[in-house]
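Pasted below: data_26.pdb, PDB, C-alpha atoms and all ligand atoms.
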ATOM      1  CA  MET A   1      96.314  73.114  60.605  1.00  0.00           C
ATOM      2  CA  LYS A   2      94.991  75.289  63.391  1.00  0.00           C
ATOM      3  CA  GLU A   3      97.454  75.686  66.239  1.00  0.00           C
ATOM      4  CA  PHE A   4      96.625  76.530  69.823  1.00  0.00           C
ATOM      5  CA  ILE A   5      99.025  78.339  72.108  1.00  0.00           C
ATOM      6  CA  SER A   6      97.797  76.319  75.074  1.00  0.00           C
ATOM      7  CA  TYR A   7      95.227  73.756  76.173  1.00  0.00           C
ATOM      8  CA  SER A   8      92.733  74.564  78.920  1.00  0.00           C
ATOM      9  CA  PRO A   9      90.426  72.250  80.902  1.00  0.00           C
ATOM     10  CA  ALA A  10      87.398  73.586  78.987  1.00  0.00           C
ATOM     11  CA  MET A  11      88.998  72.676  75.640  1.00  0.00           C
ATOM     12  CA  LEU A  12      89.810  69.116  76.696  1.00  0.00           C
ATOM     13  CA  LYS A  13      86.399  68.635  78.315  1.00  0.00           C
ATOM     14  CA  THR A  14      84.663  69.784  75.138  1.00  0.00           C
ATOM     15  CA  PHE A  15      86.854  67.555  72.981  1.00  0.00           C
ATOM     16  CA  GLU A  16      86.080  64.571  75.205  1.00  0.00           C
ATOM     17  CA  GLN A  17      82.322  65.270  75.092  1.00  0.00           C
ATOM     18  CA  CYS A  18      82.284  65.514  71.308  1.00  0.00           C
ATOM     19  CA  GLN A  19      84.955  66.190  68.674  1.00  0.00           C
ATOM     20  CA  LYS A  20      82.353  67.906  66.460  1.00  0.00           C
ATOM     21  CA  LYS A  21      81.419  70.261  69.265  1.00  0.00           C
ATOM     22  CA  PHE A  22      85.103  71.055  69.709  1.00  0.00           C
ATOM     23  CA  GLU A  23      85.329  71.865  66.000  1.00  0.00           C
ATOM     24  CA  TYR A  24      82.354  74.265  66.149  1.00  0.00           C
ATOM     25  CA  LYS A  25      83.567  75.966  69.286  1.00  0.00           C
ATOM     26  CA  TYR A  26      87.334  76.125  68.974  1.00  0.00           C
ATOM     27  CA  ILE A  27      88.114  75.676  65.271  1.00  0.00           C
ATOM     28  CA  ASN A  28      85.193  77.516  63.662  1.00  0.00           C
ATOM     29  CA  GLU A  29      84.829  79.784  66.705  1.00  0.00           C
ATOM     30  CA  ILE A  30      81.032  79.642  66.645  1.00  0.00           C
ATOM     31  CA  ASN A  31      79.667  80.952  69.917  1.00  0.00           C
ATOM     32  CA  ILE A  32      76.088  80.090  70.794  1.00  0.00           C
ATOM     33  CA  PRO A  33      74.577  82.628  73.242  1.00  0.00           C
ATOM     34  CA  VAL A  34      73.815  81.132  76.629  1.00  0.00           C
ATOM     35  CA  ASP A  35      71.440  82.317  79.337  1.00  0.00           C
ATOM     36  CA  SER A  36      73.828  84.626  81.206  1.00  0.00           C
ATOM     37  CA  SER A  37      71.411  85.081  84.142  1.00  0.00           C
ATOM     38  CA  LYS A  38      72.230  81.502  85.231  1.00  0.00           C
ATOM     39  CA  MET A  39      75.928  82.375  85.406  1.00  0.00           C
ATOM     40  CA  GLN A  40      75.503  85.705  87.183  1.00  0.00           C
ATOM     41  CA  LEU A  41      75.252  84.216  90.676  1.00  0.00           C
ATOM     42  CA  GLY A  42      78.583  82.431  90.219  1.00  0.00           C
ATOM     43  CA  LYS A  43      80.230  85.566  88.828  1.00  0.00           C
ATOM     44  CA  ASN A  44      79.020  87.688  91.757  1.00  0.00           C
ATOM     45  CA  ILE A  45      80.307  85.225  94.378  1.00  0.00           C
ATOM     46  CA  HIS A  46      83.672  84.851  92.604  1.00  0.00           C
ATOM     47  CA  ALA A  47      84.078  88.641  92.355  1.00  0.00           C
ATOM     48  CA  LEU A  48      83.228  89.117  96.023  1.00  0.00           C
ATOM     49  CA  ALA A  49      85.634  86.333  97.085  1.00  0.00           C
ATOM     50  CA  ASN A  50      88.409  87.891  95.030  1.00  0.00           C
ATOM     51  CA  TYR A  51      87.915  91.368  96.567  1.00  0.00           C
ATOM     52  CA  TYR A  52      87.769  89.837 100.045  1.00  0.00           C
ATOM     53  CA  LEU A  53      90.968  87.820  99.626  1.00  0.00           C
ATOM     54  CA  LYS A  54      92.700  90.922  98.250  1.00  0.00           C
ATOM     55  CA  SER A  55      91.630  92.774 101.431  1.00  0.00           C
ATOM     56  CA  PHE A  56      89.355  95.305  99.709  1.00  0.00           C
ATOM     57  CA  ASN A  57      86.535  96.735 101.773  1.00  0.00           C
ATOM     58  CA  ILE A  58      83.434  94.792 100.742  1.00  0.00           C
ATOM     59  CA  ASP A  59      80.971  96.168 103.344  1.00  0.00           C
ATOM     60  CA  THR A  60      78.849  97.945 100.727  1.00  0.00           C
ATOM     61  CA  LEU A  61      78.803  94.931  98.420  1.00  0.00           C
ATOM     62  CA  GLU A  62      77.765  92.603 101.250  1.00  0.00           C
ATOM     63  CA  LYS A  63      74.796  94.863 102.030  1.00  0.00           C
ATOM     64  CA  ILE A  64      73.325  94.532  98.543  1.00  0.00           C
ATOM     65  CA  LEU A  65      73.497  90.741  98.320  1.00  0.00           C
ATOM     66  CA  ASP A  66      70.155  89.025  97.852  1.00  0.00           C
ATOM     67  CA  LYS A  67      69.070  86.110 100.103  1.00  0.00           C
ATOM     68  CA  LYS A  68      70.564  83.366  97.929  1.00  0.00           C
ATOM     69  CA  GLU A  69      73.863  85.228  97.409  1.00  0.00           C
ATOM     70  CA  LYS A  70      74.121  85.929 101.141  1.00  0.00           C
ATOM     71  CA  GLU A  71      73.675  82.251 102.016  1.00  0.00           C
ATOM     72  CA  LEU A  72      76.368  81.122  99.556  1.00  0.00           C
ATOM     73  CA  TRP A  73      78.730  83.920 100.540  1.00  0.00           C
ATOM     74  CA  ASN A  74      78.401  83.091 104.260  1.00  0.00           C
ATOM     75  CA  ASN A  75      79.175  79.443 103.506  1.00  0.00           C
ATOM     76  CA  LEU A  76      82.334  80.501 101.664  1.00  0.00           C
ATOM     77  CA  LYS A  77      83.379  83.064 104.262  1.00  0.00           C
ATOM     78  CA  ASN A  78      83.146  80.418 106.986  1.00  0.00           C
ATOM     79  CA  ASN A  79      84.877  77.687 104.979  1.00  0.00           C
ATOM     80  CA  LYS A  80      88.050  76.502 106.735  1.00  0.00           C
ATOM     81  CA  TYR A  81      90.123  76.390 103.537  1.00  0.00           C
ATOM     82  CA  PHE A  82      88.986  79.857 102.458  1.00  0.00           C
ATOM     83  CA  ASN A  83      90.365  81.166 105.759  1.00  0.00           C
ATOM     84  CA  LEU A  84      93.925  79.881 105.275  1.00  0.00           C
ATOM     85  CA  SER A  85      96.791  82.157 104.130  1.00  0.00           C
ATOM     86  CA  VAL A  86      96.262  83.404 100.603  1.00  0.00           C
ATOM     87  CA  ILE A  87      99.062  82.981  98.095  1.00  0.00           C
ATOM     88  CA  LYS A  88      97.088  84.366  95.155  1.00  0.00           C
ATOM     89  CA  SER A  89      93.493  84.900  94.139  1.00  0.00           C
ATOM     90  CA  GLU A  90      91.857  84.790  90.667  1.00  0.00           C
ATOM     91  CA  PHE A  91      94.931  84.339  88.528  1.00  0.00           C
ATOM     92  CA  ASN A  92      95.966  82.786  85.238  1.00  0.00           C
ATOM     93  CA  ILE A  93      98.523  80.046  85.358  1.00  0.00           C
ATOM     94  CA  THR A  94     100.373  78.262  82.544  1.00  0.00           C
ATOM     95  CA  SER A  95     103.014  75.603  82.380  1.00  0.00           C
ATOM     96  CA  LYS A  96     104.848  73.480  79.866  1.00  0.00           C
ATOM     97  CA  PHE A  97     103.817  69.850  79.790  1.00  0.00           C
ATOM     98  CA  LYS A  98     105.860  67.627  77.412  1.00  0.00           C
ATOM     99  CA  ALA A  99     105.588  69.401  74.051  1.00  0.00           C
ATOM    100  CA  TYR A 100     102.444  71.303  75.067  1.00  0.00           C
ATOM    101  CA  ILE A 101     101.420  74.296  77.150  1.00  0.00           C
ATOM    102  CA  LEU A 102      98.631  73.929  79.691  1.00  0.00           C
ATOM    103  CA  SER A 103      96.660  76.886  80.991  1.00  0.00           C
ATOM    104  CA  GLY A 104      94.007  77.648  83.562  1.00  0.00           C
ATOM    105  CA  ARG A 105      92.587  80.252  85.904  1.00  0.00           C
ATOM    106  CA  LEU A 106      92.556  79.445  89.609  1.00  0.00           C
ATOM    107  CA  ASP A 107      89.959  80.844  92.003  1.00  0.00           C
ATOM    108  CA  ALA A 108      92.557  80.880  94.779  1.00  0.00           C
ATOM    109  CA  LEU A 109      95.699  79.201  96.052  1.00  0.00           C
ATOM    110  CA  VAL A 110      96.049  79.058  99.855  1.00  0.00           C
ATOM    111  CA  LYS A 111      98.294  77.338 102.391  1.00  0.00           C
ATOM    112  CA  ASP A 112      98.456  76.492 106.068  1.00  0.00           C
ATOM    113  CA  ASP A 113     101.461  76.973 108.380  1.00  0.00           C
ATOM    114  CA  LYS A 114     102.726  73.431 107.667  1.00  0.00           C
ATOM    115  CA  ASP A 115     103.176  74.051 103.942  1.00  0.00           C
ATOM    116  CA  ASN A 116     100.062  72.181 102.911  1.00  0.00           C
ATOM    117  CA  TYR A 117      98.772  73.935  99.790  1.00  0.00           C
ATOM    118  CA  TYR A 118      95.176  73.993  98.557  1.00  0.00           C
ATOM    119  CA  ILE A 119      93.849  75.042  95.157  1.00  0.00           C
ATOM    120  CA  LEU A 120      90.339  76.338  95.814  1.00  0.00           C
ATOM    121  CA  ASP A 121      87.483  76.112  93.372  1.00  0.00           C
ATOM    122  CA  TYR A 122      84.174  77.653  94.468  1.00  0.00           C
ATOM    123  CA  LYS A 123      81.099  76.030  92.972  1.00  0.00           C
ATOM    124  CA  THR A 124      77.706  77.708  93.062  1.00  0.00           C
ATOM    125  CA  GLY A 125      76.481  74.834  90.885  1.00  0.00           C
ATOM    126  CA  LYS A 126      77.441  71.186  90.853  1.00  0.00           C
ATOM    127  CA  ILE A 127      80.862  69.653  91.617  1.00  0.00           C
ATOM    128  CA  PRO A 128      81.991  67.470  88.652  1.00  0.00           C
ATOM    129  CA  ASP A 129      80.741  63.868  88.952  1.00  0.00           C
ATOM    130  CA  ASN A 130      84.184  62.314  88.759  1.00  0.00           C
ATOM    131  CA  ALA A 131      86.052  65.218  90.353  1.00  0.00           C
ATOM    132  CA  GLU A 132      89.368  63.384  90.777  1.00  0.00           C
ATOM    133  CA  PHE A 133      89.666  62.869  87.030  1.00  0.00           C
ATOM    134  CA  ASP A 134      88.034  66.047  85.811  1.00  0.00           C
ATOM    135  CA  TYR A 135      90.334  67.963  83.438  1.00  0.00           C
ATOM    136  CA  GLN A 136      90.140  70.999  85.692  1.00  0.00           C
ATOM    137  CA  THR A 137      91.520  68.988  88.615  1.00  0.00           C
ATOM    138  CA  ILE A 138      94.153  67.311  86.448  1.00  0.00           C
ATOM    139  CA  ILE A 139      95.461  70.445  84.716  1.00  0.00           C
ATOM    140  CA  TYR A 140      95.391  72.712  87.774  1.00  0.00           C
ATOM    141  CA  LEU A 141      97.268  70.197  89.923  1.00  0.00           C
ATOM    142  CA  ILE A 142      99.860  69.475  87.232  1.00  0.00           C
ATOM    143  CA  ILE A 143     100.517  73.195  86.668  1.00  0.00           C
ATOM    144  CA  THR A 144     100.489  74.175  90.350  1.00  0.00           C
ATOM    145  CA  ASN A 145     102.874  71.347  91.189  1.00  0.00           C
ATOM    146  CA  LYS A 146     105.429  73.062  88.942  1.00  0.00           C
ATOM    147  CA  PHE A 147     104.498  76.525  90.176  1.00  0.00           C
ATOM    148  CA  ILE A 148     105.128  75.976  93.900  1.00  0.00           C
ATOM    149  CA  LYS A 149     107.807  73.251  93.624  1.00  0.00           C
ATOM    150  CA  LYS A 150     108.348  72.721  97.394  1.00  0.00           C
ATOM    151  CA  TYR A 151     105.448  71.750  99.629  1.00  0.00           C
ATOM    152  CA  ASN A 152     104.359  69.312 102.284  1.00  0.00           C
ATOM    153  CA  SER A 153     101.168  68.421 100.431  1.00  0.00           C
ATOM    154  CA  LEU A 154      99.268  69.736  97.432  1.00  0.00           C
ATOM    155  CA  ASN A 155      95.485  69.419  97.257  1.00  0.00           C
ATOM    156  CA  PHE A 156      92.558  70.492  95.136  1.00  0.00           C
ATOM    157  CA  VAL A 157      89.426  71.549  97.041  1.00  0.00           C
ATOM    158  CA  TYR A 158      86.047  71.853  95.355  1.00  0.00           C
ATOM    159  CA  ILE A 159      83.887  73.973  97.642  1.00  0.00           C
ATOM    160  CA  ASP A 160      80.209  73.170  97.067  1.00  0.00           C
ATOM    161  CA  LEU A 161      78.597  76.369  98.347  1.00  0.00           C
ATOM    162  CA  LYS A 162      74.996  75.245  97.973  1.00  0.00           C
ATOM    163  CA  ASN A 163      75.394  72.099 100.076  1.00  0.00           C
ATOM    164  CA  ASN A 164      78.233  73.532 102.168  1.00  0.00           C
ATOM    165  CA  ILE A 165      80.546  70.555 101.639  1.00  0.00           C
ATOM    166  CA  ASP A 166      84.116  70.183 100.349  1.00  0.00           C
ATOM    167  CA  GLU A 167      85.574  67.550  98.063  1.00  0.00           C
ATOM    168  CA  ILE A 168      89.332  67.216  98.424  1.00  0.00           C
ATOM    169  CA  ILE A 169      91.714  65.584  95.968  1.00  0.00           C
ATOM    170  CA  LYS A 170      95.226  64.896  97.177  1.00  0.00           C
ATOM    171  CA  PHE A 171      98.104  65.115  94.696  1.00  0.00           C
ATOM    172  CA  ASN A 172     100.822  62.463  94.916  1.00  0.00           C
ATOM    173  CA  LYS A 173     103.330  60.602  92.735  1.00  0.00           C
ATOM    174  CA  ASP A 174     100.865  57.898  91.633  1.00  0.00           C
ATOM    175  CA  ILE A 175      98.130  60.298  90.683  1.00  0.00           C
ATOM    176  CA  LYS A 176     100.649  62.539  88.913  1.00  0.00           C
ATOM    177  CA  GLU A 177     101.626  59.639  86.650  1.00  0.00           C
ATOM    178  CA  LYS A 178      97.982  58.842  85.921  1.00  0.00           C
ATOM    179  CA  TYR A 179      97.238  62.491  85.158  1.00  0.00           C
ATOM    180  CA  GLU A 180     100.238  62.815  82.838  1.00  0.00           C
ATOM    181  CA  ASP A 181      99.182  59.698  80.989  1.00  0.00           C
ATOM    182  CA  ILE A 182      95.600  60.947  80.571  1.00  0.00           C
ATOM    183  CA  LEU A 183      96.778  64.356  79.358  1.00  0.00           C
ATOM    184  CA  GLU A 184      99.298  62.986  76.910  1.00  0.00           C
ATOM    185  CA  LYS A 185      96.770  60.580  75.355  1.00  0.00           C
ATOM    186  CA  LYS A 186      93.995  63.161  75.108  1.00  0.00           C
ATOM    187  CA  ILE A 187      96.152  65.955  73.693  1.00  0.00           C
ATOM    188  CA  SER A 188      97.787  63.709  71.103  1.00  0.00           C
ATOM    189  CA  GLU A 189      94.304  62.486  70.060  1.00  0.00           C
ATOM    190  CA  LEU A 190      93.236  66.113  69.734  1.00  0.00           C
ATOM    191  CA  GLU A 191      96.328  67.049  67.730  1.00  0.00           C
ATOM    192  CA  LYS A 192      95.618  64.174  65.341  1.00  0.00           C
ATOM    193  CA  CYS A 193      92.171  65.678  64.668  1.00  0.00           C
ATOM    194  CA  LEU A 194      93.783  69.098  64.146  1.00  0.00           C
ATOM    195  CA  LYS A 195      96.313  67.627  61.717  1.00  0.00           C
ATOM    196  CA  TYR A 196      93.777  65.796  59.526  1.00  0.00           C
ATOM    197  CA  ASN A 197      90.935  68.251  60.169  1.00  0.00           C
ATOM    198  CA  ILE A 198      88.526  65.402  60.913  1.00  0.00           C
ATOM    199  CA  TYR A 199      86.147  65.632  63.864  1.00  0.00           C
ATOM    200  CA  LYS A 200      83.721  62.823  64.669  1.00  0.00           C
ATOM    201  CA  LYS A 201      80.215  63.363  65.938  1.00  0.00           C
ATOM    202  CA  ASN A 202      79.540  62.041  69.385  1.00  0.00           C
ATOM    203  CA  GLY A 203      76.312  60.442  68.186  1.00  0.00           C
ATOM    204  CA  TYR A 204      73.291  61.079  66.031  1.00  0.00           C
ATOM    205  CA  ASN A 205      70.643  61.296  68.718  1.00  0.00           C
ATOM    206  CA  CYS A 206      72.521  63.592  71.048  1.00  0.00           C
ATOM    207  CA  ASN A 207      71.854  67.190  71.816  1.00  0.00           C
ATOM    208  CA  CYS A 208      73.955  70.217  72.670  1.00  0.00           C
ATOM    209  CA  GLU A 209      73.880  73.941  71.957  1.00  0.00           C
ATOM    210  CA  TYR A 210      75.193  73.231  68.395  1.00  0.00           C
ATOM    211  CA  HIS A 211      72.418  70.754  67.588  1.00  0.00           C
ATOM    212  CA  LYS A 212      70.717  72.973  64.975  1.00  0.00           C
ATOM    213  CA  ILE A 213      73.950  73.332  62.976  1.00  0.00           C
ATOM    214  CA  CYS A 214      75.054  69.775  63.582  1.00  0.00           C
ATOM    215  CA  VAL A 215      71.859  68.023  62.556  1.00  0.00           C
ATOM    216  CA  ASN A 216      72.291  69.137  58.927  1.00  0.00           C
ATOM    217  CA  GLN A 217      75.913  68.063  58.618  1.00  0.00           C
ATOM    218  CA  ASP A 218      77.629  64.735  58.228  1.00  0.00           C
TER     219      ASP A 218
HETATM  220  S1  LIG A 301      74.624  67.705  68.688  1.00  0.00           S
HETATM  221 FE1  LIG A 301      75.800  65.904  69.385  1.00  0.00          FE
HETATM  222  S2  LIG A 301      77.157  65.373  67.662  1.00  0.00           S
HETATM  223 FE2  LIG A 301      76.417  67.443  67.324  1.00  0.00          FE
HETATM  224  S3  LIG A 301      77.981  68.771  68.214  1.00  0.00           S
HETATM  225 FE3  LIG A 301      76.423  68.447  69.775  1.00  0.00          FE
HETATM  226  S4  LIG A 301      77.149  66.715  70.970  1.00  0.00           S
HETATM  227 FE4  LIG A 301      78.271  66.716  69.037  1.00  0.00          FE
END
Please rewrite the model in this file as C-alpha cells.
Ligand code: SF4
Amino acid sequence: MKEFISYSPAMLKTFEQCQKKFEYKYINEINIPVDSSKMQLGKNIHALANYYLKSFNIDTLEKILDKKEKELWNNLKNNKYFNLSVIKSEFNITSKFKAYILSGRLDALVKDDKDNYYILDYKTGKIPDNAEFDYQTIIYLIITNKFIKKYNSLNFVYIDLKNNIDEIIKFNKDIKEKYEDILEKKISELEKCLKYNIYKKNGYNCNCEYHKICVNQD
C-alpha cells in the first residue's frame, strides 16, 4: 500500500473529482504536460507579491510588467487585506489532524492591530465555486488555527484580482466541526482505496487530461 506523508488540498480535490484520476496522478505518478503559458501570469504576480511583502526592491520588476500584469498587480497592491501587517509570505505549513498530516502552501498570512488574522489567496483566475467548502479553504484554516493558537478572529480571503473583489470565509467553532468531519470522511475514504488498491472511474463519458489512458482501461 502506497503511503503519503501528508495530504494537500490538491490531492483531496483530485480524489473527489475522480478516484481514477487520483490513481494516475498520485499513485502511478503520471504527469500530463499542461500549457504552462496559462499559469505564467499567476506565477509572476505571486512572485512579485512575495518580494513586495518581504520588502525587496521591486522597482525594476514593476517597470517590465505588461498591461494585464500591471492591472492585476495594482489591484493587489491596493487591496486592503494585502496592506495589513505581514506575518509570513509564501510558506509551507503542516499540521497533524487526527491520525493524518495536512499540508499546504499559503500565499500570505496577515493581521490587523486587533488580532484579526487573514489567510490571503491571490487568484488571477477564478475563485472556487463553493469557496467555503473548498479543500484549500478547509485545510488552510484547520492548519492555521493550530499555527497561531490565539487570535480575535481567523479568516480566509480569496482575492479575485481580475474582478477586484474579495471573498471572505470566517472560521468559527461550528465551521471547524464541519471541516473536521469533511476531512475525516474524505481521508478515510481515500485510505480505503489505498489499502485495497481500487480506484473507481468518475464516469465513462467524462474527460480530463488522463482521458487517452483512461479510455482503454476498465
Ligand atoms: S477521463 Fe474521467 S474517469 Fe478517466 S481519469 Fe479522467 S475524470 Fe476520471
Quiz item: Any idea what's packed within 6 Å of Ile93 in chain A, counting all atoms listed in the file, ignoring anything in its chain fewer than 6 positions away? Could you give it as an MDAnalysis selection string?
Solution: chainID A and resid 103:105
Exercise. Give the residues close to ligand LIG 301 (chain A), within 9 Å, counting all atoms listed in the file; write them as a count of residues only.
Key: 25
Self-check item: Output check: residues returned by the PyMOL selection byres (((chain A and resi 140) around 10) and not hetatm), as a list in words
Solution: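 What the PyMOL selection byres (((chain A and resi 140) around 10) and not hetatm) grabs from the file is Ser8, Pro9, Ile93, Thr94, Ser95, Leu102, Ser103, Gly104, Arg105, Leu106, Ile119, Tyr135, Gln136, Thr137, Ile138, Ile139, Leu141, Ile142, Ile143, Thr144, Asn145 and Phe156 of chain A.
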Exercise. Report as a PyMOL selection string the residues that result from applying the PyMOL selection byres (((chain A and resi 108) around 10) and not hetatm) to the structure here.
Key: chain A and resi 46+49-50+53+82+86-91+105-107+109-110+118-122
What does the file look like for those residues with C-alpha atoms, as a JSON list (two decimals), keeping the file's coordinate frame?
[["chain", "number", "residue", "atom", "x", "y", "z"],
["A", 46, "HIS", "CA", 83.67, 84.85, 92.60],
["A", 49, "ALA", "CA", 85.63, 86.33, 97.08],
["A", 50, "ASN", "CA", 88.41, 87.89, 95.03],
["A", 53, "LEU", "CA", 90.97, 87.82, 99.63],
["A", 82, "PHE", "CA", 88.99, 79.86, 102.46],
["A", 86, "VAL", "CA", 96.26, 83.40, 100.60],
["A", 87, "ILE", "CA", 99.06, 82.98, 98.10],
["A", 88, "LYS", "CA", 97.09, 84.37, 95.16],
["A", 89, "SER", "CA", 93.49, 84.90, 94.14],
["A", 90, "GLU", "CA", 91.86, 84.79, 90.67],
["A", 91, "PHE", "CA", 94.93, 84.34, 88.53],
["A", 105, "ARG", "CA", 92.59, 80.25, 85.90],
["A", 106, "LEU", "CA", 92.56, 79.44, 89.61],
["A", 107, "ASP", "CA", 89.96, 80.84, 92.00],
["A", 109, "LEU", "CA", 95.70, 79.20, 96.05],
["A", 110, "VAL", "CA", 96.05, 79.06, 99.86],
["A", 118, "TYR", "CA", 95.18, 73.99, 98.56],
["A", 119, "ILE", "CA", 93.85, 75.04, 95.16],
["A", 120, "LEU", "CA", 90.34, 76.34, 95.81],
["A", 121, "ASP", "CA", 87.48, 76.11, 93.37],
["A", 122, "TYR", "CA", 84.17, 77.65, 94.47]]
Quiz prompt | Exercise: range 180-182 of chain A partners within 9 Å, all atoms listed in the file, chain neighbours under 4 positions left out, as a VMD selection string | solution = chain A and resid 97 133 138 142 175 to 176 186 to 187
Self-check item: All residues 12 Å or closer to Lys77 in chain A, only C-alpha atoms, same chain fewer than 6 positions away omitted, as an NGL selection string
Solution: :A and (45-46 or 48-50 or 52-53 or 62 or 69-71 or 83-84 or 122 or 159 or 161 or 164)
Quiz item: Written as a ChimeraX atom specification, which residues does the PyMOL selection byres (((chain A and resi 165) around 12) and not hetatm) give for the file shown?
Solution: /A:72,75-76,78-81,122-124,126-127,157-164,166-168
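Closest approach to Ser85 in chain A among A:Lys68, A:Tyr26, A:Lys63, A:Asp115 is made by A:Asp115 (distances from only C-alpha atoms).
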Residues within 10 Å of Phe4 in chain A, only C-alpha atoms, excluding chain neighbours under 2 positions, as a short mmCIF file (atom, residue, chain, number, x, y, z; two decimals) with C-alpha atoms, keeping the file's coordinate frame:
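So the final result, stored in result.cif, reads:
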data_model
loop_
_atom_site.label_atom_id
_atom_site.label_comp_id
_atom_site.auth_asym_id
_atom_site.auth_seq_id
_atom_site.Cartn_x
_atom_site.Cartn_y
_atom_site.Cartn_z
CA MET A 1 96.31 73.11 60.60
CA LYS A 2 94.99 75.29 63.39
CA SER A 6 97.80 76.32 75.07
CA TYR A 7 95.23 73.76 76.17
CA TYR A 26 87.33 76.12 68.97
CA ILE A 27 88.11 75.68 65.27
CA TYR A 100 102.44 71.30 75.07
CA ILE A 101 101.42 74.30 77.15
CA GLU A 191 96.33 67.05 67.73
CA LEU A 194 93.78 69.10 64.15
#
Quiz prompt | Å distance separating CA of Asp35 in chain A from CA of Ile64 in chain A, one decimal place | solution = 22.8 Å
Exercise. May I ask which of the residues A:Lys25, A:Lys146, A:Lys13, A:Lys43 is the closest one to Gly125 in chain A, counting all atoms listed in the file?
Key: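 Looking at the shortest contact to Gly125 in chain A, the residue is A:Lys43.
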Quiz item: Separation of CA of Lys170 in chain A and CA of Glu16 in chain A, in Å?
Solution: 23.8 Å
